[in-house]
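See structure below.
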Amino acid sequence: MEKLREELIHYFSLGEIDADTFYTDKAYVLGGMRGLYGGQVVSQSLASALLTVGSGFSPHSLHSYFLIAGKRDTRITFCIERVRDGRNFASRIVKAKQNGRIFFTMICSFLKMEQNPSSHQFAMPKVIDPEDPDQILGENSDTNNRMRVGNYTVDIDNLIMKSIPVLSRLGVPVDTALRKNFDLGINSYMDKLSANPSPNSVDEADIRIPYNLRWLKVDLDLSNCHPNVHICMMTLLSDYRFLGTGSLPHFWGKNYGKNKSEMMVSLDHSIRIHTPMRADQWLLFEVTSPRSGNGRGYAEGKFFDRQGVLVASITQEHLWRTSVTSDKVIPNLQFSLSPPVLVDQNTNSKSTKQIRSKL
């Protein structure tokens with residue numbers, strides 16, 4: 001327990017005020033965000049809660065709300081309420097404050113891991129490995145990280161809280177049709193089509209779908225760290241470029257340059273941890289946005305490890321206000337979603353065999 005405690009305090013830059021109160025003087029803002037990076041606040045809140053839980057417990061779920069924007073260069077205090085300590089489960093409430101004012105709340109639950117003979121999961125999408133040189137999306141693009149918001153490049157490496165290096169790569173689909181749709185989300189590709197339009201360049205069907213794939217990992221050697229440190233690191237990654245997936249159909253493809261984003265901020269963030277993982281190894285983050293409207297967007301994410309195991313699921317609602325800049329915009333869209341299909345995966349190849357249902 002003491003080793004875990006030292007690792008949590010070290011990696012998440014925490015100080016202790018008393019047994020149920022912790023603080024950090026690091027406040028990280030990602031890109032052009034108006035408030036603090038949500039992944040920092042969620043992960044530090046979880047790490048603080050873990051410091052009050054007995055040995056043998058691991059997080060399995062958390063549900064949080066961003067009440068107001070956090071301020072940079074201002075100390076954050078994490079106040080823990082011990083809701084319940086049972087034999088197999090424990091619960092905590094965390095209130096994050098700046099200058100005595102609550103700006104974030106979270107309830108989280110911990111359990112002692114169990115083994116069960118029955119299991120199922122959705123299969124990992126088929127993507128090109130992050131180390132593979134075949135990473136090009138869009139024409140005349142020399143890398144796969146050319147998605148931009150204005151002049152800001154999305155997939156660049158970051159140093160979160162000036163101490164945790166994070167690597168980010170767009171996941172390139174193996175499926176050629178899906179890969180072609182991903183091309184519609186690369187600015188250099190869309191800039192070329194816009195500069196040299198032709199009747200067949202972009203048509204009504206060329207809408208960038210609200211679906212994205214991203215490889216993420218913490219670029220530290222955490223091989224000797226407690227599994228709960230990896231869970232907190234995954235939590236740090238779980239808000240990385242998450243809410244932007246809902247904007248894809250409205251800002252790229254046929255709608256490229258026809259809408260303007262006025263405001264986009266997270267409202268809540270929930271995580272279900274299914275099994276331990278390694279955050280210092282590549283995790284594939286599959287994100288969909290089933291709905292946006294009425295000034296709000298909704299996103300769902302799944303983290304897969306390199307073996308294809310679904311290790312965590314994430315959901316988030318965010319405030320999203322836009323304005324139309326072209327009368328040629330397609331404002332209202334619907335996408336179909338097929339029901340799950342049972343598959344037989346051969347772990348030694350990238351092929352997947354569909355098994356016909358008997359229902």
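Ordering of the structure tokens sets the chain letters (A, B, ...); residue numbers start at 1 within each chain; ligands are numbered from 1 in the order shown.
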Residues near Glu204 in chain A, anyone? I mean within 10 Å using only C-alpha atoms, not counting same-chain ones fewer than 6 positions away, as a JSON list (two decimals) with N, CA, C and O atoms, in the first residue's frame.
[["chain", "number", "residue", "atom", "x", "y", "z"],
["A", 253, "GLY", "N", -15.49, 16.96, -44.40],
["A", 253, "GLY", "CA", -16.24, 16.39, -45.50],
["A", 253, "GLY", "C", -17.07, 17.46, -46.20],
["A", 253, "GLY", "O", -16.62, 18.59, -46.41],
["A", 254, "LYS", "N", -18.29, 17.13, -46.57],
["A", 254, "LYS", "CA", -19.17, 18.05, -47.30],
["A", 254, "LYS", "C", -19.41, 19.34, -46.53],
["A", 254, "LYS", "O", -19.63, 20.40, -47.13],
["A", 255, "ASN", "N", -19.35, 19.29, -45.20],
["A", 255, "ASN", "CA", -19.61, 20.49, -44.39],
["A", 255, "ASN", "C", -18.34, 21.26, -44.05],
["A", 255, "ASN", "O", -18.37, 22.15, -43.17],
["A", 330, "ILE", "N", -25.17, 21.18, -44.63],
["A", 330, "ILE", "CA", -26.16, 20.13, -44.36],
["A", 330, "ILE", "C", -26.27, 20.03, -42.84],
["A", 330, "ILE", "O", -25.43, 19.42, -42.19]]
List as a Markdown table every residue of range 177-226 of chain A that is in contact with range 305-325 of chain A, defined as an atom at most 12 Å from one of its atoms (using only C-alpha atoms), together with the nearest atom pair and the distance in Å rounded to one decimal, sorted by chain and then rising number.
| residue | atom | partner | partner_atom | distance |
| --- | --- | --- | --- | --- |
| A:Trp215 | CA | A:Asp305 | CA | 9.9 |
| A:Leu216 | CA | A:Asp305 | CA | 10.2 |
| A:Lys217 | CA | A:Asp305 | CA | 10.3 |
Closest contacts (range 251-343 of chain A/range 218-228 of chain A, max 7 Å, only C-alpha atoms) as a Markdown table:
| residue | atom | partner | partner_atom | distance |
| --- | --- | --- | --- | --- |
| A:Pro276 | CA | A:Pro227 | CA | 6.4 |
| A:Ala279 | CA | A:Val218 | CA | 5.9 |
| A:Asp280 | CA | A:Val218 | CA | 4.7 |
Neighbouring residues of range 122-130 of chain A were defined as those with any atom within 10 Å, considering only C-alpha atoms; residues of the same chain fewer than 6 positions away were excluded. Please report them as a PyMOL selection string. chain A and resi 168-175+179+213-216+282-286+302-310+340-345+350-352
Do you know which residues are at most 8 Å from Gln40 in chain A counting only C-alpha atoms, after dropping those on the same chain fewer than 5 positions away, and could you put them as a PyMOL selection string? chain A and resi 27-28+160-161+236
I'd like the contact shell of Met263 in chain A - 12 Å cut-off, only C-alpha atoms, skipping same-chain residues fewer than 2 positions apart - returned as a PyMOL selection string. chain A and resi 32-35+243-244+247+260-261+265-266+295-297+318-323
Point out the residue among A:Leu67, A:Ala177, A:Leu193, A:Leu333 with the least atom-to-atom distance to Gly246 in chain A, counting only C-alpha atoms.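 Among the listed residues, the smallest separation from Gly246 in chain A belongs to A:Leu333.
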Between A:Ser238, A:Ser45, A:Ser338, A:Asn88, which is the closest to Ile271 in chain A once you count only C-alpha atoms?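 Comparing A:Ser238, A:Ser45, A:Ser338, A:Asn88 against Ile271 in chain A, the winner is A:Ser238.
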Close residues, Pro59 in chain A itself excluded, 8 Å, only C-alpha atoms, min 3 positions apart in chain, as a list in words: Leu62, Cys108, Ser109, Phe110, Leu111, Asn228, Ile231 and Ile273 of chain A
Tell me which protein, DNA and RNA residues are within 8 Å of Val229 in chain A, counting only C-alpha atoms, leaving out same-chain ones fewer than 4 positions away, and put them as an MDAnalysis selection string. chainID A and resid 4 7:8 47 225 233
Please return as a list in words: the residues of range 52-214 of chain A that backbone DSSP assigns to alpha helix (DSSP H).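 Answer for range 52-214 of chain A, restricted to alpha helix (DSSP H): Thr176, Ala177, Leu178, Arg179, Lys180, Asn181, Phe182, Asp183, Asn187, Ser188, Tyr189, Met190, Asp191, Lys192, Leu193, Ser194 and Ala195 of chain A.
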Pick from A:Arg75, A:Arg208, A:His269, A:Lys3: nearest to Phe335 in chain A, with only C-alpha atoms counted?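 Checking each of A:Arg75, A:Arg208, A:His269, A:Lys3 against Phe335 in chain A, counting only C-alpha atoms, the winner is A:Arg208.
Here CA of Asp132 in chain A stands at a distance of 25.1 Å from CA of Leu248 in chain A.
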From a DSSP pass on the backbone, collect the residues of range 274-321 of chain A flagged as strand (DSSP E or B) and hand them back as an NGL selection string. :A and (283-293 or 296-304 or 310-321)
Writer output for current selection, N, CA and C atoms, as a compact mmCIF listing (two decimals), in the first residue's frame:
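Final file, result26.txt:
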# COMPACT_ATOMS: atom_id res chain seq x y z
N LEU A 283 -2.79 2.09 -26.36
CA LEU A 283 -4.21 1.76 -26.20
C LEU A 283 -4.96 2.37 -27.38
N LEU A 284 -5.86 1.61 -27.97
CA LEU A 284 -6.68 2.13 -29.05
C LEU A 284 -7.97 2.70 -28.46
N PHE A 285 -8.23 3.95 -28.76
CA PHE A 285 -9.42 4.66 -28.25
C PHE A 285 -10.42 4.78 -29.41
N GLU A 286 -11.46 3.97 -29.37
CA GLU A 286 -12.52 4.02 -30.37
C GLU A 286 -13.64 4.90 -29.83
N VAL A 287 -14.00 5.94 -30.57
CA VAL A 287 -14.99 6.91 -30.10
C VAL A 287 -16.10 7.08 -31.12
N THR A 288 -17.33 7.07 -30.65
CA THR A 288 -18.49 7.37 -31.48
C THR A 288 -19.29 8.49 -30.81
N SER A 289 -20.06 9.20 -31.62
CA SER A 289 -20.95 10.23 -31.10
C SER A 289 -22.36 9.93 -31.60
N PRO A 290 -23.17 9.21 -30.81
CA PRO A 290 -24.50 8.83 -31.26
C PRO A 290 -25.47 9.99 -31.43
N ARG A 291 -25.20 11.13 -30.77
CA ARG A 291 -26.18 12.22 -30.78
C ARG A 291 -25.52 13.56 -30.48
N SER A 292 -25.93 14.58 -31.22
CA SER A 292 -25.66 15.95 -30.85
C SER A 292 -26.86 16.79 -31.26
N GLY A 293 -27.20 17.76 -30.47
CA GLY A 293 -28.35 18.61 -30.74
C GLY A 293 -28.75 19.37 -29.50
N ARG A 296 -26.03 20.46 -27.11
CA ARG A 296 -25.24 19.47 -26.38
C ARG A 296 -24.81 18.33 -27.30
N GLY A 297 -23.67 17.74 -26.99
CA GLY A 297 -23.19 16.58 -27.72
C GLY A 297 -22.96 15.43 -26.75
N TYR A 298 -22.95 14.21 -27.30
CA TYR A 298 -22.77 13.02 -26.48
C TYR A 298 -21.79 12.10 -27.19
N ALA A 299 -20.83 11.56 -26.44
CA ALA A 299 -19.81 10.69 -27.00
C ALA A 299 -19.64 9.44 -26.14
N GLU A 300 -19.31 8.34 -26.81
CA GLU A 300 -19.01 7.07 -26.15
C GLU A 300 -17.65 6.58 -26.63
N GLY A 301 -16.84 6.09 -25.71
CA GLY A 301 -15.50 5.63 -26.08
C GLY A 301 -15.20 4.26 -25.50
N LYS A 302 -14.32 3.54 -26.19
CA LYS A 302 -13.85 2.23 -25.73
C LYS A 302 -12.33 2.19 -25.86
N PHE A 303 -11.67 1.76 -24.80
CA PHE A 303 -10.23 1.55 -24.81
C PHE A 303 -9.94 0.06 -24.99
N PHE A 304 -9.11 -0.25 -26.00
CA PHE A 304 -8.65 -1.62 -26.24
C PHE A 304 -7.14 -1.67 -26.07
N LEU A 310 -11.08 -5.32 -24.46
CA LEU A 310 -11.78 -4.09 -24.10
C LEU A 310 -11.54 -3.84 -22.62
N VAL A 311 -10.75 -2.82 -22.29
CA VAL A 311 -10.32 -2.62 -20.91
C VAL A 311 -11.13 -1.55 -20.18
N ALA A 312 -11.74 -0.61 -20.92
CA ALA A 312 -12.51 0.45 -20.27
C ALA A 312 -13.48 1.07 -21.26
N SER A 313 -14.59 1.59 -20.72
CA SER A 313 -15.59 2.29 -21.52
C SER A 313 -15.84 3.67 -20.91
N ILE A 314 -16.02 4.66 -21.78
CA ILE A 314 -16.15 6.05 -21.34
C ILE A 314 -17.37 6.68 -22.00
N THR A 315 -18.09 7.51 -21.27
CA THR A 315 -19.17 8.31 -21.84
C THR A 315 -19.01 9.75 -21.37
N GLN A 316 -19.50 10.66 -22.23
CA GLN A 316 -19.39 12.08 -21.87
C GLN A 316 -20.46 12.89 -22.60
N GLU A 317 -21.02 13.86 -21.89
CA GLU A 317 -21.88 14.87 -22.51
C GLU A 317 -21.16 16.21 -22.43
N HIS A 318 -21.31 17.00 -23.48
CA HIS A 318 -20.63 18.29 -23.49
C HIS A 318 -21.52 19.37 -24.07
N LEU A 319 -21.27 20.59 -23.65
CA LEU A 319 -21.94 21.75 -24.19
C LEU A 319 -21.31 22.07 -25.53
N TRP A 320 -22.15 22.27 -26.57
CA TRP A 320 -21.60 22.51 -27.91
C TRP A 320 -22.49 23.49 -28.64
N ARG A 321 -21.99 24.69 -28.83
CA ARG A 321 -22.73 25.74 -29.51
C ARG A 321 -22.04 26.09 -30.82
So what do you get for CA of Val42 in chain A versus CA of Leu237 in chain A, distance-wise? 10.0 Å
